[in-house]
$ cat upload-v1.cif   # mmCIF, C-alpha atoms
data_model
loop_
_atom_site.label_atom_id
_atom_site.label_comp_id
_atom_site.auth_asym_id
_atom_site.auth_seq_id
_atom_site.Cartn_x
_atom_site.Cartn_y
_atom_site.Cartn_z
CA MET A 26 111.82 -30.56 220.82
CA SER A 27 111.03 -28.85 224.14
CA ARG A 28 108.09 -30.02 226.26
CA SER A 29 105.98 -26.97 225.33
CA LYS A 30 106.69 -27.37 221.61
CA HIS A 31 106.02 -31.10 221.87
CA THR A 32 102.64 -30.41 223.50
CA ALA A 33 101.73 -27.75 220.92
CA PHE A 34 102.76 -30.10 218.10
CA ILE A 35 100.55 -32.94 219.39
CA ALA A 36 97.65 -30.58 220.12
CA THR A 37 97.69 -29.20 216.56
CA LEU A 38 98.06 -32.66 215.02
CA LEU A 39 95.20 -34.15 217.03
CA THR A 40 92.92 -31.12 216.55
CA GLY A 41 93.30 -31.41 212.79
CA THR A 42 92.66 -35.16 212.90
CA PHE A 43 89.71 -34.63 215.26
CA SER A 44 87.98 -32.19 212.91
CA MET A 45 88.45 -34.54 209.94
CA SER A 46 87.13 -37.46 211.97
CA ILE A 47 84.00 -35.50 212.88
CA SER A 48 83.41 -34.82 209.19
CA GLN A 49 83.36 -38.58 208.67
CA SER A 50 81.06 -39.52 211.57
CA SER A 51 78.53 -36.68 211.49
CA LEU A 52 77.32 -36.66 207.92
CA SER A 53 74.83 -39.56 208.07
CA THR A 54 72.60 -37.42 210.33
CA ALA A 55 72.22 -34.97 207.44
CA TYR A 56 71.09 -37.55 204.85
CA PRO A 57 67.37 -36.63 205.02
CA THR A 58 68.29 -32.96 204.57
CA PHE A 59 70.46 -33.73 201.52
CA MET A 60 67.71 -35.92 200.06
CA LYS A 61 65.24 -33.06 200.38
CA SER A 62 67.62 -30.36 199.12
CA PHE A 63 68.73 -32.24 195.99
CA GLY A 64 65.64 -34.41 195.42
CA LEU A 65 67.60 -37.67 195.60
CA SER A 66 67.08 -41.13 197.06
CA ALA A 67 68.80 -42.38 200.20
CA SER A 68 70.91 -44.83 198.18
CA THR A 69 72.32 -41.98 196.08
CA VAL A 70 73.00 -39.71 199.04
CA SER A 71 74.72 -42.55 200.89
CA TRP A 72 77.54 -42.27 198.34
CA LEU A 73 78.68 -39.25 200.36
CA THR A 74 79.88 -41.84 202.86
CA THR A 75 80.56 -44.81 200.56
CA GLY A 76 82.62 -42.77 198.10
CA PHE A 77 84.42 -41.10 200.97
CA MET A 78 85.42 -44.48 202.42
CA LEU A 79 86.61 -45.81 199.05
CA VAL A 80 88.86 -42.84 198.28
CA MET A 81 90.14 -42.77 201.85
CA SER A 82 91.09 -46.45 201.60
CA LEU A 83 92.95 -45.80 198.34
CA MET A 84 95.19 -43.18 199.97
CA ILE A 85 96.11 -45.20 203.08
CA PRO A 86 98.78 -47.38 201.35
CA VAL A 87 100.34 -44.25 199.82
CA SER A 88 100.81 -42.53 203.20
CA PRO A 89 104.18 -44.21 204.07
CA TRP A 90 105.70 -43.02 200.79
CA LEU A 91 104.46 -39.47 201.46
CA LEU A 92 105.89 -39.50 205.00
CA ASN A 93 109.26 -40.68 203.64
CA ASN A 94 109.44 -38.24 200.73
CA VAL A 95 107.73 -35.03 201.87
CA GLY A 96 108.68 -32.94 204.88
CA PHE A 97 106.02 -33.45 207.54
CA LYS A 98 105.22 -29.76 207.99
CA LYS A 99 104.62 -29.35 204.25
CA LEU A 100 102.67 -32.61 204.13
CA PHE A 101 100.46 -31.75 207.11
CA GLN A 102 99.69 -28.26 205.78
CA SER A 103 98.91 -29.68 202.34
CA ILE A 104 96.54 -32.23 203.90
CA VAL A 105 94.69 -29.56 205.91
CA ALA A 106 94.57 -27.21 202.89
CA LEU A 107 93.17 -30.00 200.69
CA PHE A 108 90.54 -30.77 203.32
CA ALA A 109 89.63 -27.08 203.53
CA MET A 110 89.38 -26.87 199.73
CA GLY A 111 87.03 -29.84 199.64
CA THR A 112 84.96 -28.29 202.42
CA VAL A 113 84.65 -25.04 200.43
CA PHE A 114 83.25 -27.08 197.52
CA CYS A 115 80.74 -28.65 199.90
CA ILE A 116 79.61 -25.27 201.24
CA TRP A 117 79.23 -23.80 197.74
CA ALA A 118 77.72 -26.99 196.17
CA PRO A 119 74.98 -25.87 193.75
CA SER A 120 74.45 -29.55 192.87
CA PHE A 121 74.98 -32.97 194.39
CA THR A 122 77.85 -33.58 191.94
CA VAL A 123 79.81 -30.62 193.34
CA LEU A 124 79.02 -31.77 196.89
CA MET A 125 80.37 -35.22 195.99
CA VAL A 126 83.57 -33.72 194.54
CA GLY A 127 84.07 -31.79 197.78
CA ARG A 128 83.60 -34.96 199.84
CA LEU A 129 86.13 -36.87 197.72
CA LEU A 130 88.71 -34.09 198.20
CA GLU A 131 88.10 -34.34 201.94
CA ALA A 132 88.53 -38.12 201.69
CA LEU A 133 91.94 -37.73 200.02
CA ALA A 134 93.09 -35.70 203.02
CA VAL A 135 91.59 -38.05 205.60
CA GLY A 136 93.09 -41.12 203.91
CA ILE A 137 96.56 -39.65 204.35
CA ILE A 138 96.16 -38.20 207.85
CA PHE A 139 94.58 -41.22 209.57
CA PRO A 140 97.61 -43.55 209.35
CA SER A 141 100.09 -40.65 209.34
CA TYR A 142 99.10 -39.12 212.67
CA GLN A 143 99.55 -42.49 214.38
CA THR A 144 102.96 -42.96 212.76
CA VAL A 145 104.14 -39.52 213.83
CA LEU A 146 102.92 -39.94 217.42
CA LEU A 147 104.63 -43.32 217.69
CA THR A 148 107.84 -41.93 216.20
CA ILE A 149 108.22 -38.86 218.42
CA THR A 150 107.16 -40.62 221.65
CA PRO A 151 109.61 -42.72 223.71
CA ARG A 152 108.74 -46.41 223.60
CA ALA A 153 107.90 -46.57 227.31
CA ALA A 154 105.32 -43.76 226.99
CA ARG A 155 103.67 -44.75 223.71
CA GLY A 156 100.66 -46.38 225.39
CA ARG A 157 99.69 -43.16 227.17
CA THR A 158 100.17 -41.06 224.03
CA MET A 159 98.14 -43.42 221.85
CA GLY A 160 95.50 -43.52 224.58
CA LEU A 161 95.20 -39.75 224.20
CA ALA A 162 94.88 -40.23 220.45
CA GLY A 163 92.12 -42.77 221.11
CA LEU A 164 90.37 -40.26 223.37
CA VAL A 165 90.39 -37.69 220.58
CA MET A 166 89.11 -40.12 217.96
CA GLY A 167 86.50 -41.61 220.30
CA SER A 168 85.29 -38.12 221.20
CA ALA A 169 84.83 -37.36 217.51
CA LEU A 170 82.73 -40.49 217.16
CA ALA A 171 80.61 -39.42 220.14
CA VAL A 172 80.10 -35.74 219.39
CA GLY A 173 79.91 -35.91 215.58
CA PRO A 174 76.23 -36.91 215.40
CA ILE A 175 75.38 -34.53 218.26
CA ILE A 176 77.04 -31.52 216.59
CA SER A 177 75.38 -32.42 213.30
CA GLY A 178 71.95 -32.77 214.92
CA VAL A 179 72.22 -29.45 216.77
CA LEU A 180 73.44 -27.46 213.75
CA LEU A 181 70.83 -28.96 211.42
CA SER A 182 68.10 -28.05 213.92
CA PHE A 183 68.88 -24.34 213.65
CA PHE A 184 70.85 -23.76 210.43
CA PRO A 185 70.98 -25.02 206.83
CA TRP A 186 73.26 -28.01 206.13
CA GLN A 187 76.02 -25.71 204.84
CA ALA A 188 76.66 -24.65 208.46
CA LEU A 189 78.01 -28.13 209.20
CA PHE A 190 80.72 -27.76 206.58
CA ALA A 191 81.33 -24.15 207.64
CA LEU A 192 82.29 -25.44 211.09
CA PHE A 193 84.76 -27.91 209.54
CA LEU A 194 86.24 -25.09 207.46
CA ILE A 195 86.71 -22.77 210.45
CA VAL A 196 88.54 -25.46 212.41
CA ALA A 197 90.66 -26.44 209.39
CA LEU A 198 91.74 -22.84 208.79
CA ALA A 199 92.57 -22.40 212.49
CA VAL A 200 94.67 -25.58 212.43
CA LEU A 201 96.39 -24.44 209.24
CA ALA A 202 97.29 -21.11 210.86
CA ALA A 203 98.54 -22.79 214.06
CA SER A 204 100.63 -25.30 212.06
CA THR A 205 102.88 -22.54 210.76
CA VAL A 206 104.24 -22.24 214.31
CA THR A 207 103.63 -25.59 215.97
CA ILE A 208 104.32 -28.24 213.30
CA THR A 209 107.92 -29.15 212.46
CA ASP A 210 109.66 -31.74 210.28
CA VAL A 211 109.93 -34.66 212.70
CA MET A 212 110.03 -37.55 210.22
CA PRO A 213 113.30 -38.69 208.61
CA LYS A 214 113.31 -38.79 204.81
CA ALA A 215 114.08 -41.85 202.68
CA LEU A 216 113.60 -40.56 199.14
CA SER A 217 112.32 -42.93 196.46
CA ALA A 218 110.31 -42.80 193.24
CA LEU A 219 106.58 -43.38 193.55
CA ASP A 220 105.61 -46.76 192.08
CA TRP A 221 102.49 -45.83 190.17
CA LEU A 222 101.70 -49.42 189.22
CA SER A 223 101.53 -50.31 192.93
CA VAL A 224 99.25 -47.32 193.52
CA ILE A 225 96.92 -48.57 190.77
CA LEU A 226 96.99 -52.12 192.14
CA ALA A 227 96.30 -50.76 195.64
CA ALA A 228 92.90 -49.68 194.27
CA SER A 229 91.96 -53.35 194.74
CA PHE A 230 91.42 -52.66 198.45
CA PRO A 231 88.74 -49.96 198.06
CA ALA A 232 87.25 -52.10 195.28
CA LEU A 233 86.90 -54.98 197.75
CA LEU A 234 85.29 -52.58 200.23
CA TYR A 235 82.86 -51.51 197.50
CA VAL A 236 81.87 -55.12 196.79
CA LEU A 237 81.32 -55.79 200.50
CA SER A 238 79.26 -52.60 200.86
CA GLU A 239 77.06 -53.26 197.84
CA ALA A 240 76.61 -56.95 198.63
CA THR A 241 75.38 -55.96 202.09
CA HIS A 242 72.55 -53.91 200.61
CA ALA A 243 71.58 -55.72 197.41
CA GLY A 244 73.35 -59.08 197.37
CA MET A 245 75.86 -60.30 194.81
CA ASN A 246 75.29 -59.98 191.07
CA THR A 247 77.37 -60.52 187.92
CA ALA A 248 78.96 -57.06 188.05
CA LEU A 249 79.96 -57.44 191.69
CA TRP A 250 81.38 -60.93 191.09
CA THR A 251 83.45 -59.50 188.21
CA ILE A 252 84.77 -56.66 190.37
CA LEU A 253 85.49 -59.12 193.19
CA ILE A 254 87.53 -61.46 190.98
CA ILE A 255 89.51 -58.60 189.40
CA SER A 256 90.11 -57.04 192.83
CA VAL A 257 91.37 -60.29 194.35
CA LEU A 258 93.75 -60.84 191.42
CA ALA A 259 94.99 -57.24 191.69
CA ALA A 260 95.45 -57.61 195.45
CA VAL A 261 97.54 -60.77 194.92
CA TRP A 262 99.62 -58.96 192.28
CA PHE A 263 100.06 -55.98 194.62
CA THR A 264 101.21 -58.26 197.44
CA THR A 265 103.73 -60.22 195.36
CA ARG A 266 105.06 -57.00 193.84
CA GLN A 267 105.63 -55.41 197.25
CA LEU A 268 107.46 -58.49 198.52
CA LYS A 269 109.82 -58.52 195.50
CA MET A 270 110.65 -54.78 195.32
CA LYS A 271 113.68 -53.29 197.08
CA LYS A 272 111.71 -50.14 197.91
CA PRO A 273 108.03 -51.13 197.87
CA LEU A 274 105.14 -48.72 198.15
CA LEU A 275 104.06 -50.62 201.27
CA GLU A 276 106.54 -52.78 203.19
CA LEU A 277 104.70 -56.05 203.81
CA GLN A 278 107.73 -57.58 205.51
CA VAL A 279 106.15 -56.25 208.71
CA PHE A 280 104.10 -59.47 208.78
CA LYS A 281 107.30 -61.43 209.47
CA THR A 282 107.06 -60.04 213.01
CA SER A 283 104.56 -62.36 214.70
CA LEU A 284 103.64 -59.90 217.45
CA PHE A 285 102.76 -57.27 214.85
CA THR A 286 100.60 -59.79 212.95
CA LYS A 287 98.73 -60.71 216.14
CA ALA A 288 98.25 -57.03 216.95
CA VAL A 289 96.81 -56.35 213.49
CA LEU A 290 94.32 -59.21 213.83
CA MET A 291 93.21 -58.05 217.29
CA THR A 292 92.85 -54.48 216.08
CA GLY A 293 90.68 -55.77 213.25
CA ILE A 294 88.54 -57.90 215.59
CA SER A 295 88.00 -54.99 217.98
CA TYR A 296 87.06 -52.74 215.05
CA ILE A 297 84.57 -55.39 213.86
CA ALA A 298 82.99 -55.30 217.34
CA LEU A 299 82.85 -51.49 217.26
CA ILE A 300 81.42 -51.16 213.76
CA VAL A 301 78.91 -54.00 214.23
CA THR A 302 77.70 -52.40 217.47
CA THR A 303 77.38 -49.04 215.70
CA ILE A 304 75.39 -50.56 212.81
CA VAL A 305 73.29 -53.27 214.50
CA MET A 306 72.29 -51.54 217.74
CA PRO A 307 70.36 -48.67 216.06
CA LEU A 308 68.43 -51.34 214.12
CA TYR A 309 67.63 -53.12 217.38
CA PHE A 310 66.59 -49.87 219.07
CA GLN A 311 64.21 -49.00 216.22
CA ASP A 312 62.95 -52.42 215.04
CA VAL A 313 62.56 -54.20 218.39
CA LEU A 314 62.28 -51.41 220.98
CA LYS A 315 60.35 -49.14 218.57
CA VAL A 316 62.13 -45.90 219.50
CA SER A 317 62.51 -42.95 217.14
CA PRO A 318 65.63 -42.50 214.98
CA LEU A 319 66.64 -39.55 217.19
CA ILE A 320 66.44 -41.60 220.40
CA SER A 321 68.20 -44.45 218.59
CA GLY A 322 71.13 -42.20 217.69
CA LEU A 323 71.36 -40.67 221.15
CA SER A 324 71.28 -44.14 222.74
CA LEU A 325 74.74 -44.89 221.34
CA VAL A 326 76.27 -41.72 222.78
CA PRO A 327 76.93 -43.19 226.30
CA ALA A 328 78.91 -46.05 224.74
CA ALA A 329 80.94 -43.66 222.57
CA VAL A 330 81.61 -41.36 225.55
CA LEU A 331 82.76 -44.32 227.65
CA LEU A 332 85.04 -45.41 224.81
CA SER A 333 86.59 -41.95 224.78
CA LEU A 334 87.11 -41.79 228.54
CA LEU A 335 88.64 -45.26 228.79
CA ASN A 336 91.16 -44.82 225.97
CA PRO A 337 93.72 -42.83 228.04
CA ARG A 338 93.34 -45.24 230.98
CA ALA A 339 93.90 -48.22 228.69
CA GLY A 340 96.99 -46.52 227.26
CA ALA A 341 98.42 -45.90 230.72
CA LEU A 342 97.71 -49.52 231.69
CA LEU A 343 99.56 -50.73 228.61
CA ASP A 344 102.71 -48.92 229.75
CA LYS A 345 102.33 -50.39 233.26
CA ILE A 346 101.18 -53.99 232.84
CA GLY A 347 101.93 -54.89 229.23
CA PRO A 348 99.71 -55.80 226.27
CA ARG A 349 98.52 -59.29 227.31
CA ARG A 350 96.50 -58.23 230.35
CA VAL A 351 95.17 -55.06 228.72
CA VAL A 352 93.85 -56.69 225.53
CA THR A 353 92.51 -59.64 227.55
CA ILE A 354 90.42 -57.18 229.58
CA GLY A 355 89.19 -55.59 226.36
CA MET A 356 88.30 -58.79 224.55
CA SER A 357 86.54 -60.10 227.68
CA LEU A 358 84.36 -56.98 227.79
CA ILE A 359 83.50 -57.40 224.09
CA VAL A 360 82.48 -61.03 224.63
CA ILE A 361 80.46 -60.17 227.76
CA GLY A 362 78.68 -57.34 225.93
CA PHE A 363 77.62 -59.47 222.95
CA VAL A 364 76.61 -62.44 225.16
CA LEU A 365 74.53 -60.11 227.36
CA LEU A 366 72.79 -58.68 224.30
CA GLY A 367 72.25 -62.14 222.80
CA LEU A 368 70.73 -63.61 225.96
CA LEU A 369 68.37 -60.70 226.55
CA VAL A 370 67.09 -59.98 223.03
CA GLY A 371 63.42 -59.04 223.25
CA ARG A 372 63.48 -58.96 227.05
CA MET A 373 65.63 -55.93 227.79
CA PRO A 374 64.49 -52.32 228.17
CA LEU A 375 66.36 -49.55 226.39
CA ILE A 376 68.73 -48.91 229.33
CA VAL A 377 69.93 -52.55 229.35
CA ALA A 378 70.54 -52.45 225.58
CA ILE A 379 72.56 -49.26 226.06
CA ILE A 380 74.62 -50.98 228.79
CA GLY A 381 75.32 -53.93 226.46
CA ALA A 382 76.61 -51.52 223.79
CA MET A 383 78.73 -49.81 226.45
CA PHE A 384 80.40 -53.14 227.28
CA THR A 385 81.42 -53.80 223.67
CA GLU A 386 82.70 -50.26 223.07
CA ALA A 387 84.51 -50.19 226.44
CA GLY A 388 86.26 -53.38 225.36
CA ASN A 389 87.32 -51.65 222.17
CA ALA A 390 89.17 -49.01 224.23
CA PHE A 391 91.34 -51.73 225.79
CA VAL A 392 92.15 -53.40 222.46
CA MET A 393 92.28 -50.96 219.54
CA MET A 394 95.02 -48.47 220.43
CA PRO A 395 96.88 -50.81 222.83
CA ALA A 396 97.14 -53.41 220.05
CA VAL A 397 98.29 -50.76 217.55
CA THR A 398 100.93 -49.60 220.04
CA ALA A 399 102.10 -53.13 220.87
CA GLY A 400 102.41 -53.94 217.17
CA ALA A 401 104.38 -50.76 216.50
CA ASN A 402 106.67 -51.46 219.45
CA ALA A 403 107.57 -54.78 217.83
CA LEU A 404 108.78 -53.04 214.65
CA PRO A 405 111.94 -51.00 213.99
CA LYS A 406 111.28 -47.27 213.71
CA ALA A 407 111.85 -47.33 209.95
CA LEU A 408 108.84 -49.64 209.47
CA ILE A 409 106.35 -47.89 211.77
CA SER A 410 104.76 -45.88 208.93
CA ASP A 411 104.27 -49.06 206.89
CA GLY A 412 102.94 -50.86 209.97
CA THR A 413 100.29 -48.23 210.70
CA ALA A 414 99.22 -48.10 207.03
CA VAL A 415 98.90 -51.91 206.94
CA THR A 416 96.96 -51.90 210.22
CA THR A 417 94.56 -49.20 209.01
CA THR A 418 93.96 -50.99 205.69
CA ILE A 419 93.34 -54.39 207.30
CA ARG A 420 91.08 -52.76 209.89
CA GLN A 421 88.92 -51.18 207.18
CA LEU A 422 88.65 -54.47 205.26
CA LEU A 423 87.78 -56.52 208.34
CA GLY A 424 85.31 -53.88 209.54
CA SER A 425 83.47 -53.92 206.21
CA THR A 426 83.50 -57.71 206.21
CA GLY A 427 82.03 -57.68 209.71
CA VAL A 428 79.19 -55.41 208.64
CA ALA A 429 78.47 -57.60 205.59
CA VAL A 430 78.44 -60.79 207.70
CA ALA A 431 76.29 -59.19 210.42
CA THR A 432 73.76 -58.00 207.85
CA MET A 433 73.72 -61.43 206.18
CA ILE A 434 73.18 -63.29 209.47
CA LEU A 435 70.49 -60.85 210.60
CA SER A 436 68.46 -61.01 207.37
CA THR A 437 68.97 -64.75 206.74
CA VAL A 438 67.88 -65.84 210.22
CA GLN A 439 64.97 -63.41 210.30
CA THR A 440 63.75 -64.71 206.94
CA ALA A 441 64.20 -68.36 207.91
CA THR A 442 62.48 -68.06 211.28
CA GLY A 443 60.10 -65.17 210.70
CA SER A 444 61.38 -63.66 213.96
CA GLN A 445 63.22 -60.37 214.36
CA ASN A 446 64.47 -61.43 217.77
CA ALA A 447 66.01 -64.64 216.40
CA GLY A 448 67.98 -62.64 213.85
CA PHE A 449 69.43 -60.31 216.47
CA THR A 450 70.17 -63.21 218.84
CA ALA A 451 72.10 -65.09 216.15
CA THR A 452 74.03 -61.94 215.20
CA PHE A 453 75.05 -61.08 218.75
CA PHE A 454 76.17 -64.63 219.54
CA ALA A 455 78.09 -64.90 216.25
CA PHE A 456 80.16 -61.85 217.13
CA ALA A 457 80.59 -63.04 220.70
CA LEU A 458 82.40 -65.99 219.08
CA VAL A 459 84.53 -63.57 217.04
CA GLY A 460 85.39 -61.79 220.28
CA ALA A 461 86.27 -65.14 221.87
CA VAL A 462 88.77 -65.75 219.05
CA GLY A 463 90.28 -62.36 219.84
CA LEU A 464 90.41 -63.28 223.53
CA LEU A 465 92.35 -66.47 222.79
CA LEU A 466 94.70 -64.49 220.55
CA GLY A 467 95.16 -61.91 223.31
CA LEU A 468 96.31 -64.60 225.73
CA THR A 469 99.28 -65.25 223.45
CA MET A 470 100.45 -61.63 223.62
CA PRO A 471 103.54 -60.83 225.70
CA GLY A 472 103.31 -59.60 229.27
CA LYS A 473 105.03 -56.51 230.67
CA ARG A 474 108.48 -58.13 231.00
CA GLU A 475 108.34 -59.71 227.54
CA ALA A 476 107.05 -56.58 225.76
#
$ encode --input "upload-v1.cif" --output "structure tokens"
Amino acid sequence: MSRSKHTAFIATLLTGTFSMSISQSSLSTAYPTFMKSFGLSASTVSWLTTGFMLVMSLMIPVSPWLLNNVGFKKLFQSIVALFAMGTVFCIWAPSFTVLMVGRLLEALAVGIIFPSYQTVLLTITPRAARGRTMGLAGLVMGSALAVGPIISGVLLSFFPWQALFALFLIVALAVLAASTVTITDVMPKALSALDWLSVILAASFPALLYVLSEATHAGMNTALWTILIISVLAAVWFTTRQLKMKKPLLELQVFKTSLFTKAVLMTGISYIALIVTTIVMPLYFQDVLKVSPLISGLSLVPAAVLLSLLNPRAGALLDKIGPRRVVTIGMSLIVIGFVLLGLLVGRMPLIVAIIGAMFTEAGNAFVMMPAVTAGANALPKALISDGTAVTTTIRQLLGSTGVAVATMILSTVQTATGSQNAGFTATFFAFALVGAVGLLLGLTMPGKREA
């Protein structure tokens, strides 16, 4: 592939992924509008995100099989077309049910593309330049996180909510048209039959996410305990089945590589820091600092922008100085950010709270993609697709667990002490400890010469 074709290929791939990522991050801003349009409660409308996450998580373990059995050009175009179809349903949506169907179709596409784009970038990029390339991917994804709520807020201020989906559709159709020229079959095929039993058992992972999500809001009950037990048993069955099969749906032998296992854990810890910051800080802005929801949302934009800008620099550093020093920088920033927030709860103005969030998200830039890249570098090329799918699945599970634990600590301490500030202090310090565990793990990563 020539340099120009290589650039066009990556640009098309990342543009498609960027538009799908925006569709994931921007929708929560529109919840009040959906509630008013369809006459529904917030808990019902939130299924536009919850259901999306569950279906997306179901498709992640299937992505390696698709990459091995379907030509990438056909697969990529099918993903974008499926996303566009779901978006058309959302635009048309005469009822919330139709809107939900459209979101689930979008989720099917996103669940395949999220691990797949990382696999493809890692496969077509020379090992020595993977850090820089994945840094660019991090820039694109971080930018989507930053601009998603802004785009949503602007469009909803001037147009009906359908305009938000219309924008997604326009970008998807443009990417689909460009892909006919720019996307080629870059992934080698290793044909095998799809193990449907493993696909069914893989549903245990979104089921676990569902339990964590529901327990966060309403606590555990008999139904959730039942789902939890069945999901754990199914997850154990799925794991043992994959380890025994000659051609598993998801190759779990990747965990035999210790560097990959460490990288997965650090990716998960950094994602916990990111998602906890994203969830807890708006609560702090509104409950303690008493700012409006709009100001609360905008207050996280500087941290997201910094995350985006630092991703390419972190990727370049990974290629130059190796994973140990890069992830140590990142984990240190995460710990510093949470400690700063914990020490100053109730005594910091809005600008200081924003700076604390910027520390934790800046740390994420030096851990997330560098750890993914270091883990992939430790695997043979044939296992990279399985590695990225495993990493994405574990990251989602750990992120949801982090949110559940943060919510539990916040509410439990606030109830026990009668103090909002005590709840936030305990939460920030708890996740500073999680970051410290990541820091210790990072110190065991290889340096430049060893990597």
$ resolve_selection --input "upload-v1.cif" --expression "the PyMOL selection byres ((chain A and resi 89) around 12)" --output "mmCIF file with C-alpha atoms, keeping the file's coordinate frame"
data_model
loop_
_atom_site.group_PDB
_atom_site.id
_atom_site.type_symbol
_atom_site.label_atom_id
_atom_site.label_comp_id
_atom_site.auth_asym_id
_atom_site.auth_seq_id
_atom_site.Cartn_x
_atom_site.Cartn_y
_atom_site.Cartn_z
ATOM 1 C CA MET A 84 95.190 -43.180 199.970
ATOM 2 C CA ILE A 85 96.110 -45.200 203.080
ATOM 3 C CA PRO A 86 98.780 -47.380 201.350
ATOM 4 C CA VAL A 87 100.340 -44.250 199.820
ATOM 5 C CA SER A 88 100.810 -42.530 203.200
ATOM 6 C CA TRP A 90 105.700 -43.020 200.790
ATOM 7 C CA LEU A 91 104.460 -39.470 201.460
ATOM 8 C CA LEU A 92 105.890 -39.500 205.000
ATOM 9 C CA ASN A 93 109.260 -40.680 203.640
ATOM 10 C CA ASN A 94 109.440 -38.240 200.730
ATOM 11 C CA VAL A 95 107.730 -35.030 201.870
ATOM 12 C CA PHE A 97 106.020 -33.450 207.540
ATOM 13 C CA LEU A 100 102.670 -32.610 204.130
ATOM 14 C CA GLY A 136 93.090 -41.120 203.910
ATOM 15 C CA ILE A 137 96.560 -39.650 204.350
ATOM 16 C CA ILE A 138 96.160 -38.200 207.850
ATOM 17 C CA PHE A 139 94.580 -41.220 209.570
ATOM 18 C CA PRO A 140 97.610 -43.550 209.350
ATOM 19 C CA SER A 141 100.090 -40.650 209.340
ATOM 20 C CA TYR A 142 99.100 -39.120 212.670
ATOM 21 C CA GLN A 143 99.550 -42.490 214.380
ATOM 22 C CA THR A 144 102.960 -42.960 212.760
ATOM 23 C CA VAL A 145 104.140 -39.520 213.830
ATOM 24 C CA MET A 212 110.030 -37.550 210.220
ATOM 25 C CA PRO A 213 113.300 -38.690 208.610
ATOM 26 C CA LYS A 214 113.310 -38.790 204.810
ATOM 27 C CA ALA A 215 114.080 -41.850 202.680
ATOM 28 C CA LEU A 216 113.600 -40.560 199.140
ATOM 29 C CA SER A 217 112.320 -42.930 196.460
ATOM 30 C CA LEU A 219 106.580 -43.380 193.550
ATOM 31 C CA LYS A 272 111.710 -50.140 197.910
ATOM 32 C CA PRO A 273 108.030 -51.130 197.870
ATOM 33 C CA LEU A 274 105.140 -48.720 198.150
ATOM 34 C CA LEU A 275 104.060 -50.620 201.270
ATOM 35 C CA GLU A 276 106.540 -52.780 203.190
ATOM 36 C CA LEU A 277 104.700 -56.050 203.810
ATOM 37 C CA ALA A 407 111.850 -47.330 209.950
ATOM 38 C CA LEU A 408 108.840 -49.640 209.470
ATOM 39 C CA ILE A 409 106.350 -47.890 211.770
ATOM 40 C CA SER A 410 104.760 -45.880 208.930
ATOM 41 C CA ASP A 411 104.270 -49.060 206.890
ATOM 42 C CA GLY A 412 102.940 -50.860 209.970
ATOM 43 C CA THR A 413 100.290 -48.230 210.700
ATOM 44 C CA ALA A 414 99.220 -48.100 207.030
ATOM 45 C CA VAL A 415 98.900 -51.910 206.940
ATOM 46 C CA THR A 417 94.560 -49.200 209.010
#
$ closest_residue --input "upload-v1.cif" --among "A:Lys315, A:Ile376, A:Gly355, A:Ile35" --to "Ile149 of chain A" --atoms "only C-alpha atoms"
A:Ile35
$ resolve_selection --input "upload-v1.cif" --expression "the PyMOL selection byres ((chain A and resi 326-338) around 7)" --output "JSON, numbers by chain"
{"A": [157, 160, 161, 163, 164, 167, 168, 170, 171, 323, 324, 325, 339, 340, 341, 342, 382, 383, 386, 387, 390, 391]}
$ write_last_selection --input "upload-v1.cif" --atoms "C-alpha atoms" --output "PDB file, in the coordinates of the input"
ATOM      1  CA  ARG A 157      99.690 -43.160 227.170  1.00  0.00           C
ATOM      2  CA  GLY A 160      95.500 -43.520 224.580  1.00  0.00           C
ATOM      3  CA  LEU A 161      95.200 -39.750 224.200  1.00  0.00           C
ATOM      4  CA  GLY A 163      92.120 -42.770 221.110  1.00  0.00           C
ATOM      5  CA  LEU A 164      90.370 -40.260 223.370  1.00  0.00           C
ATOM      6  CA  GLY A 167      86.500 -41.610 220.300  1.00  0.00           C
ATOM      7  CA  SER A 168      85.290 -38.120 221.200  1.00  0.00           C
ATOM      8  CA  LEU A 170      82.730 -40.490 217.160  1.00  0.00           C
ATOM      9  CA  ALA A 171      80.610 -39.420 220.140  1.00  0.00           C
ATOM     10  CA  LEU A 323      71.360 -40.670 221.150  1.00  0.00           C
ATOM     11  CA  SER A 324      71.280 -44.140 222.740  1.00  0.00           C
ATOM     12  CA  LEU A 325      74.740 -44.890 221.340  1.00  0.00           C
ATOM     13  CA  ALA A 339      93.900 -48.220 228.690  1.00  0.00           C
ATOM     14  CA  GLY A 340      96.990 -46.520 227.260  1.00  0.00           C
ATOM     15  CA  ALA A 341      98.420 -45.900 230.720  1.00  0.00           C
ATOM     16  CA  LEU A 342      97.710 -49.520 231.690  1.00  0.00           C
ATOM     17  CA  ALA A 382      76.610 -51.520 223.790  1.00  0.00           C
ATOM     18  CA  MET A 383      78.730 -49.810 226.450  1.00  0.00           C
ATOM     19  CA  GLU A 386      82.700 -50.260 223.070  1.00  0.00           C
ATOM     20  CA  ALA A 387      84.510 -50.190 226.440  1.00  0.00           C
ATOM     21  CA  ALA A 390      89.170 -49.010 224.230  1.00  0.00           C
ATOM     22  CA  PHE A 391      91.340 -51.730 225.790  1.00  0.00           C
TER      23      PHE A 391
END
$ residues_around --input "upload-v1.cif" --residues "Leu368 of chain A" --least-positions-apart "5" --cutoff "12 Å" --atoms "only C-alpha atoms" --output "VMD selection string"
chain A and resid 361 to 363 373 377 to 378 381 446 to 447 449 to 454 457
$ resolve_selection --input "upload-v1.cif" --expression "the PyMOL selection byres ((chain A and resi 403) around 9)" --output "list in words"
Thr282, Ser283, Leu284, Phe285, Thr398, Ala399, Gly400, Ala401, Asn402, Leu404, Pro405 and Ala476 of chain A
